[in-house]
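File shown: query.cif (mmCIF, C-alpha atoms).
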data_work
#
loop_
_atom_site.label_atom_id
_atom_site.label_comp_id
_atom_site.auth_asym_id
_atom_site.auth_seq_id
_atom_site.Cartn_x
_atom_site.Cartn_y
_atom_site.Cartn_z
CA MET A 1 -7.24 -1.17 -16.26
CA THR A 2 -5.85 -3.42 -13.52
CA LYS A 3 -2.73 -2.13 -11.81
CA THR A 4 -0.02 -4.67 -11.00
CA LEU A 5 2.93 -4.47 -8.63
CA LEU A 6 5.89 -6.88 -8.57
CA VAL A 7 6.89 -7.81 -5.01
CA ALA A 8 9.82 -10.01 -4.02
CA HIS A 9 8.99 -13.20 -2.10
CA GLY A 10 8.92 -12.60 1.65
CA HIS A 11 8.72 -8.79 1.37
CA LYS A 12 6.08 -6.49 2.82
CA VAL A 13 3.74 -4.48 0.59
CA THR A 14 3.16 -0.76 1.11
CA LEU A 15 0.23 0.80 -0.71
CA ALA A 16 -0.45 4.53 -0.83
CA GLY A 17 -3.15 6.62 -2.45
CA LEU A 18 -5.34 9.70 -2.28
CA TYR A 19 -8.99 10.08 -1.40
CA THR A 20 -10.45 13.16 -3.03
CA THR A 21 -13.66 14.48 -4.52
CA SER A 22 -14.26 14.39 -8.27
CA SER A 23 -12.87 17.93 -8.43
CA GLY A 24 -9.70 16.94 -6.58
CA ALA A 25 -10.50 18.35 -3.12
CA PRO A 26 -8.89 16.19 -0.41
CA LEU A 27 -11.12 14.23 1.94
CA SER A 28 -9.42 14.03 5.31
CA GLY A 29 -10.25 11.92 8.34
CA GLN A 30 -12.04 9.29 6.29
CA PRO A 31 -11.69 5.56 7.01
CA VAL A 32 -10.42 3.36 4.18
CA ARG A 33 -10.80 -0.39 4.47
CA ILE A 34 -8.10 -2.59 2.93
CA LEU A 35 -9.29 -5.97 1.64
CA ALA A 36 -7.03 -8.70 0.26
CA ALA A 37 -7.44 -12.14 -1.33
CA PRO A 38 -4.87 -14.64 -2.63
CA ASP A 39 -4.73 -14.45 -6.42
CA ASN A 40 -5.97 -18.02 -6.91
CA ASN A 41 -9.42 -17.48 -8.44
CA THR A 42 -11.24 -17.96 -5.13
CA ASP A 43 -12.20 -14.31 -4.38
CA ALA A 44 -11.61 -15.12 -0.71
CA PHE A 45 -11.35 -11.48 0.39
CA SER A 46 -10.85 -10.52 4.01
CA GLN A 47 -10.26 -7.19 5.69
CA VAL A 48 -6.58 -6.82 6.58
CA ALA A 49 -6.35 -3.17 7.64
CA VAL A 50 -8.25 0.08 8.20
CA VAL A 51 -6.47 3.41 7.69
CA THR A 52 -7.59 7.03 8.01
CA THR A 53 -6.85 9.65 5.39
CA GLY A 54 -4.61 12.56 6.30
CA ALA A 55 -5.18 16.27 5.87
CA ASN A 56 -4.33 16.07 2.15
CA GLY A 57 -6.50 12.97 1.63
CA SER A 58 -3.53 10.62 1.57
CA ARG A 59 -3.62 7.14 3.01
CA SER A 60 -1.00 4.41 3.34
CA ALA A 61 -1.07 0.80 4.51
CA THR A 62 1.71 -1.78 4.88
CA LEU A 63 0.74 -5.44 4.59
CA PRO A 64 2.83 -8.39 5.80
CA PRO A 65 4.55 -10.71 3.29
CA GLY A 66 2.26 -13.05 1.40
CA PRO A 67 1.48 -14.61 -1.96
CA SER A 68 0.31 -12.83 -5.08
CA ARG A 69 -2.78 -10.95 -3.92
CA ILE A 70 -5.67 -8.84 -5.14
CA ILE A 71 -5.80 -5.83 -2.82
CA ARG A 72 -8.69 -3.38 -2.68
CA ALA A 73 -8.99 -0.03 -0.93
CA VAL A 74 -12.66 0.60 -0.17
CA THR A 75 -14.42 3.67 1.19
CA ASP A 76 -18.02 3.47 2.36
CA GLY A 77 -18.76 7.07 1.48
CA THR A 78 -20.68 9.72 3.44
CA ALA A 79 -24.04 11.40 3.22
CA THR A 80 -22.73 13.51 0.35
CA ILE A 81 -20.00 11.27 -1.11
CA LEU A 82 -20.57 7.98 -2.92
CA PRO A 83 -18.59 4.86 -1.94
CA SER A 84 -15.49 4.19 -4.00
CA SER A 85 -12.77 1.60 -4.39
CA GLY A 86 -9.41 1.01 -6.03
CA GLN A 87 -7.60 -2.24 -6.77
CA VAL A 88 -4.07 -3.48 -7.34
CA THR A 89 -2.73 -6.99 -7.98
CA THR A 90 0.62 -7.89 -6.46
CA ILE A 91 2.73 -10.45 -8.33
CA VAL A 92 4.98 -12.47 -6.03
CA PRO A 93 7.37 -15.02 -7.58
CA ALA A 94 7.37 -18.42 -5.94
CA LYS A 95 10.40 -19.37 -3.89
CA VAL A 96 11.60 -22.75 -5.05
CA LYS A 97 14.75 -24.29 -3.59
CA LEU A 98 16.99 -27.07 -4.78
CA LEU A 99 17.93 -28.44 -1.37
CA ARG A 100 20.07 -31.40 -2.28
CA VAL A 101 21.57 -33.02 -5.40
CA TRP A 102 23.57 -36.24 -5.23
CA PRO A 103 25.92 -37.64 -6.36
CA ARG A 104 27.72 -34.60 -7.71
CA ARG A 105 29.82 -36.83 -9.96
CA VAL A 106 28.14 -39.76 -11.71
CA LEU A 107 29.03 -42.33 -14.36
CA TRP A 108 27.25 -42.43 -17.71
CA GLY A 109 24.19 -44.59 -17.17
CA GLY A 110 23.93 -43.44 -13.55
CA THR A 111 21.11 -41.69 -11.68
CA VAL A 112 21.02 -38.29 -10.00
CA HIS A 113 18.68 -37.69 -7.05
CA LEU A 114 17.17 -34.27 -6.33
CA VAL A 115 15.26 -32.85 -3.37
CA GLY A 116 13.41 -29.55 -3.81
CA GLN A 117 10.99 -27.41 -1.86
CA LEU A 118 8.28 -24.85 -2.59
CA ILE A 119 8.26 -22.21 0.13
CA GLY A 120 5.45 -20.02 1.35
CA GLY A 121 2.21 -21.88 2.01
CA TYR A 122 -0.96 -22.03 -0.12
CA LEU A 123 0.31 -25.29 -1.58
CA PRO A 124 -2.25 -27.22 -3.63
CA PRO A 125 -3.24 -30.32 -1.62
CA ASP A 126 -3.29 -32.53 -4.74
CA GLY A 127 0.27 -31.72 -5.78
CA ALA A 128 2.16 -28.90 -7.42
CA LEU A 129 3.52 -28.89 -10.95
CA VAL A 130 7.22 -28.17 -11.15
CA ARG A 131 9.69 -28.37 -14.01
CA LEU A 132 13.03 -30.14 -13.99
CA ARG A 133 15.66 -28.52 -16.18
CA ILE A 134 18.87 -30.23 -17.24
CA GLY A 135 21.35 -28.06 -19.07
CA TYR A 136 24.76 -28.19 -20.68
CA GLY A 137 26.18 -24.73 -21.26
CA SER A 138 23.43 -22.60 -22.81
CA ALA A 139 21.48 -25.63 -24.07
CA ARG A 140 18.86 -27.29 -21.88
CA LEU A 141 16.19 -29.95 -21.77
CA THR A 142 12.95 -29.58 -19.83
CA TYR A 143 10.80 -32.23 -18.20
CA GLY A 144 7.41 -31.68 -16.60
CA ILE A 145 6.93 -33.68 -13.40
CA ARG A 146 4.04 -33.66 -10.96
CA GLU A 147 4.98 -34.33 -7.38
CA HIS A 148 2.78 -34.56 -4.33
CA VAL A 149 3.53 -31.63 -2.05
CA SER A 150 3.65 -32.34 1.66
CA GLY A 151 3.00 -29.84 4.42
CA ASN A 152 6.47 -28.33 4.15
CA GLY A 153 6.42 -28.23 0.35
CA ARG A 154 9.17 -30.80 -0.20
CA PHE A 155 9.33 -33.04 -3.25
CA THR A 156 11.84 -35.50 -4.70
CA THR A 157 12.70 -36.67 -8.20
CA THR A 158 15.47 -38.45 -10.11
CA TYR A 159 17.15 -38.20 -13.49
CA GLY A 160 18.92 -41.07 -15.22
CA PHE A 161 21.68 -40.48 -17.76
CA GLY A 162 22.12 -42.68 -20.82
CA LEU A 163 25.42 -44.18 -21.93
CA GLY A 164 27.82 -41.59 -23.29
CA ASP A 165 31.44 -41.43 -24.32
CA PRO A 166 33.41 -42.86 -21.36
CA SER A 167 36.45 -40.74 -22.23
CA VAL A 168 34.50 -37.46 -21.93
CA LEU A 169 33.66 -35.61 -18.71
CA GLN A 170 30.71 -33.26 -19.11
CA PRO A 171 29.30 -30.76 -16.60
CA PHE A 172 25.49 -30.75 -16.55
CA TRP A 173 23.46 -28.34 -14.45
CA PHE A 174 20.12 -29.04 -12.78
CA GLN A 175 17.44 -26.53 -11.88
CA ILE A 176 13.87 -26.68 -10.56
CA ALA A 177 11.25 -24.22 -11.87
CA ALA A 178 7.83 -23.50 -10.41
CA LEU A 179 5.08 -23.35 -13.04
CA PRO A 180 1.92 -21.24 -13.20
CA MET A 181 -1.06 -22.98 -11.63
CA GLY A 182 -4.58 -21.64 -11.31
CA ASN A 183 -4.87 -22.47 -7.62
CA TYR A 184 -1.29 -21.56 -6.66
CA PRO A 185 -1.00 -17.81 -6.02
CA TYR A 186 2.67 -17.36 -6.85
CA ALA A 187 4.27 -16.42 -10.16
CA PRO A 188 6.73 -18.83 -11.87
CA SER A 189 10.35 -18.72 -10.71
CA ASP A 190 13.55 -20.77 -10.77
CA SER A 191 15.84 -22.31 -8.19
CA ARG A 192 19.60 -22.04 -8.19
CA ARG A 193 21.57 -24.25 -10.55
CA VAL A 194 23.61 -27.18 -9.30
CA THR A 195 26.32 -28.75 -11.46
CA VAL A 196 26.91 -32.50 -11.76
CA ILE A 197 29.95 -33.95 -13.56
CA VAL A 198 29.13 -36.94 -15.77
CA GLY A 199 31.73 -39.28 -17.27
CA GLY A 200 33.18 -42.80 -17.39
CA HIS A 201 31.50 -46.20 -17.47
CA PRO A 202 31.30 -48.75 -14.67
CA ALA A 203 33.91 -51.51 -15.15
CA PRO A 204 32.54 -55.03 -15.80
CA LEU A 205 32.72 -57.21 -12.71
CA LEU A 206 34.89 -59.87 -14.42
CA LEU A 207 37.53 -57.35 -15.42
CA ALA A 208 37.53 -55.87 -11.95
CA ASP A 209 38.17 -59.32 -10.42
CA LYS A 210 41.06 -60.02 -12.79
CA SER A 211 42.69 -56.72 -11.97
CA ASN A 212 42.52 -57.54 -8.27
CA ARG A 213 44.14 -61.02 -8.40
CA PRO A 214 47.64 -60.03 -9.62
CA ARG A 215 47.94 -57.42 -6.89
CA HIS A 216 46.94 -59.97 -4.29
CA ASN A 217 49.39 -62.60 -5.62
CA ALA A 218 52.24 -60.11 -5.71
CA ARG A 219 51.76 -59.26 -2.08
CA HIS A 220 51.57 -62.94 -1.22
CA ARG A 221 54.87 -63.78 -2.97
CA GLY A 222 56.56 -60.86 -1.31
CA GLY A 223 55.53 -62.25 2.07
CA ARG A 224 57.10 -65.65 1.37
CA GLN A 225 60.43 -64.12 0.46
#

Write out the structure in this file as structure tokens.
Amino acid sequence: MTKTLLVAHGHKVTLAGLYTTSSGAPLSGQPVRILAAPDNNTDAFSQVAVVTTGANGSRSATLPPGPSRIIRAVTDGTATILPSSGQVTTIVPAKVKLLRVWPRRVLWGGTVHLVGQLIGGYLPPDGALVRLRIGYGSARLTYGIREHVSGNGRFTTTYGFGLGDPSVLQPFWFQIAALPMGNYPYAPSDSRRVTVIVGGHPAPLLLADKSNRPRHNARHRGGRQ
């Protein structure tokens, strides 16, 4: 049975265990190699630490922050003890940010622009699949969008509103969600929500011109008096 451990993004991982005989006698002073690989189906293991067991057979290793990983503790054994190993999979949620949303108030029929970012490296070179969520209260709509991910993980997208009731102002929230991908070793997660107020219709140009002329004429007549 594979052991799993949930680790917050950007946090270190501390792993502890015991090295004993089959009867439970501690094995002290024994080297234990720690191997790790990103959990992206590549099996690209590398040695990240070597620790020595204590008097009671205990060992502990702290690894730096990273993605979801498969971590193995391996002993090479002795002349009288067979090699052994143990494994744990760390699950690290992706860190996805909604960096900018504009405008924060838009007319019905208008467009909202969004800039997001996936943080942490190991970004797929052919693009990362993210999900755009638009919600109103507890209801929400979801759109799958594939954006090319640059070196810093940034991506952009837009959302266009249809024509609604011009007399109604409605608050919609936007959120970006990272999706599970076979070659992206982070678990799905969500960004913060950003609210945009939607309401009103753009005035026709002809009506706008007519509303301007009386004000101009009134000022002109006042000047002649």

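Residues lying within 9 Å of (24.4, -24.8, -17.6). Counted over all atoms listed in the file, they are Ile134, Gly135, Tyr136, Gly137, Ser138, Ala139, Arg140, Pro171, Phe172, Trp173, Phe174, Arg193, Val194 and Thr195 of chain A.
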
**OP:** Considering only C-alpha atoms, state which residue in the set A:Ser84, A:Ser191, A:Ser46, A:Ser68 is at the smallest distance from Leu118 (chain A).
**Re:** A:Ser191

Subject >> Result set, the PyMOL selection byres ((chain A and resi 30-38) around 10) on current file, as number ranges by chain >> reply: A: 15, 19, 27-29, 39-55, 57-61, 63, 66-78, 84-90, 122, 183-186

Written file, previous selection with C-alpha atoms, as an mmCIF file, in the coordinates of the input:
data_model
loop_
_atom_site.group_PDB
_atom_site.id
_atom_site.type_symbol
_atom_site.label_atom_id
_atom_site.label_comp_id
_atom_site.auth_asym_id
_atom_site.auth_seq_id
_atom_site.Cartn_x
_atom_site.Cartn_y
_atom_site.Cartn_z
ATOM 1 C CA LEU A 15 0.230 0.800 -0.710
ATOM 2 C CA TYR A 19 -8.990 10.080 -1.400
ATOM 3 C CA LEU A 27 -11.120 14.230 1.940
ATOM 4 C CA SER A 28 -9.420 14.030 5.310
ATOM 5 C CA GLY A 29 -10.250 11.920 8.340
ATOM 6 C CA ASP A 39 -4.730 -14.450 -6.420
ATOM 7 C CA ASN A 40 -5.970 -18.020 -6.910
ATOM 8 C CA ASN A 41 -9.420 -17.480 -8.440
ATOM 9 C CA THR A 42 -11.240 -17.960 -5.130
ATOM 10 C CA ASP A 43 -12.200 -14.310 -4.380
ATOM 11 C CA ALA A 44 -11.610 -15.120 -0.710
ATOM 12 C CA PHE A 45 -11.350 -11.480 0.390
ATOM 13 C CA SER A 46 -10.850 -10.520 4.010
ATOM 14 C CA GLN A 47 -10.260 -7.190 5.690
ATOM 15 C CA VAL A 48 -6.580 -6.820 6.580
ATOM 16 C CA ALA A 49 -6.350 -3.170 7.640
ATOM 17 C CA VAL A 50 -8.250 0.080 8.200
ATOM 18 C CA VAL A 51 -6.470 3.410 7.690
ATOM 19 C CA THR A 52 -7.590 7.030 8.010
ATOM 20 C CA THR A 53 -6.850 9.650 5.390
ATOM 21 C CA GLY A 54 -4.610 12.560 6.300
ATOM 22 C CA ALA A 55 -5.180 16.270 5.870
ATOM 23 C CA GLY A 57 -6.500 12.970 1.630
ATOM 24 C CA SER A 58 -3.530 10.620 1.570
ATOM 25 C CA ARG A 59 -3.620 7.140 3.010
ATOM 26 C CA SER A 60 -1.000 4.410 3.340
ATOM 27 C CA ALA A 61 -1.070 0.800 4.510
ATOM 28 C CA LEU A 63 0.740 -5.440 4.590
ATOM 29 C CA GLY A 66 2.260 -13.050 1.400
ATOM 30 C CA PRO A 67 1.480 -14.610 -1.960
ATOM 31 C CA SER A 68 0.310 -12.830 -5.080
ATOM 32 C CA ARG A 69 -2.780 -10.950 -3.920
ATOM 33 C CA ILE A 70 -5.670 -8.840 -5.140
ATOM 34 C CA ILE A 71 -5.800 -5.830 -2.820
ATOM 35 C CA ARG A 72 -8.690 -3.380 -2.680
ATOM 36 C CA ALA A 73 -8.990 -0.030 -0.930
ATOM 37 C CA VAL A 74 -12.660 0.600 -0.170
ATOM 38 C CA THR A 75 -14.420 3.670 1.190
ATOM 39 C CA ASP A 76 -18.020 3.470 2.360
ATOM 40 C CA GLY A 77 -18.760 7.070 1.480
ATOM 41 C CA THR A 78 -20.680 9.720 3.440
ATOM 42 C CA SER A 84 -15.490 4.190 -4.000
ATOM 43 C CA SER A 85 -12.770 1.600 -4.390
ATOM 44 C CA GLY A 86 -9.410 1.010 -6.030
ATOM 45 C CA GLN A 87 -7.600 -2.240 -6.770
ATOM 46 C CA VAL A 88 -4.070 -3.480 -7.340
ATOM 47 C CA THR A 89 -2.730 -6.990 -7.980
ATOM 48 C CA THR A 90 0.620 -7.890 -6.460
ATOM 49 C CA TYR A 122 -0.960 -22.030 -0.120
ATOM 50 C CA ASN A 183 -4.870 -22.470 -7.620
ATOM 51 C CA TYR A 184 -1.290 -21.560 -6.660
ATOM 52 C CA PRO A 185 -1.000 -17.810 -6.020
ATOM 53 C CA TYR A 186 2.670 -17.360 -6.850
#

**OP:** Have a look at CA of Thr157 (chain A) and CA of His9 (chain A) and let me know their distance in Å, one decimal.
**Re:**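 Interatomic distance, CA of Thr157 (chain A) to CA of His9 (chain A): 24.5 Å.
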
Original post:
What does the distance from CA of Thr14 (chain A) to CA of Ala94 (chain A) come to in Å, to one decimal?
Top reply: 19.5 Å

**OP:** Grab the CA of Ala128 (chain A) to CA of Gly153 (chain A) distance for me, in Å with one decimal place.
**Re:** 8.9 Å

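Against the coordinates shown, the PyMOL selection byres ((chain A and resi 105) around 6) returns A:Pro103, A:Arg104, A:Val106, A:Val196, A:Ile197, A:Val198.
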
Output for the residues just chosen: C-alpha atoms as a PDB file, keeping the file's coordinate frame:
ATOM      1  CA  PRO A 103      25.920 -37.640  -6.360  1.00  0.00           C
ATOM      2  CA  ARG A 104      27.720 -34.600  -7.710  1.00  0.00           C
ATOM      3  CA  VAL A 106      28.140 -39.760 -11.710  1.00  0.00           C
ATOM      4  CA  VAL A 196      26.910 -32.500 -11.760  1.00  0.00           C
ATOM      5  CA  ILE A 197      29.950 -33.950 -13.560  1.00  0.00           C
ATOM      6  CA  VAL A 198      29.130 -36.940 -15.770  1.00  0.00           C
TER       7      VAL A 198
END
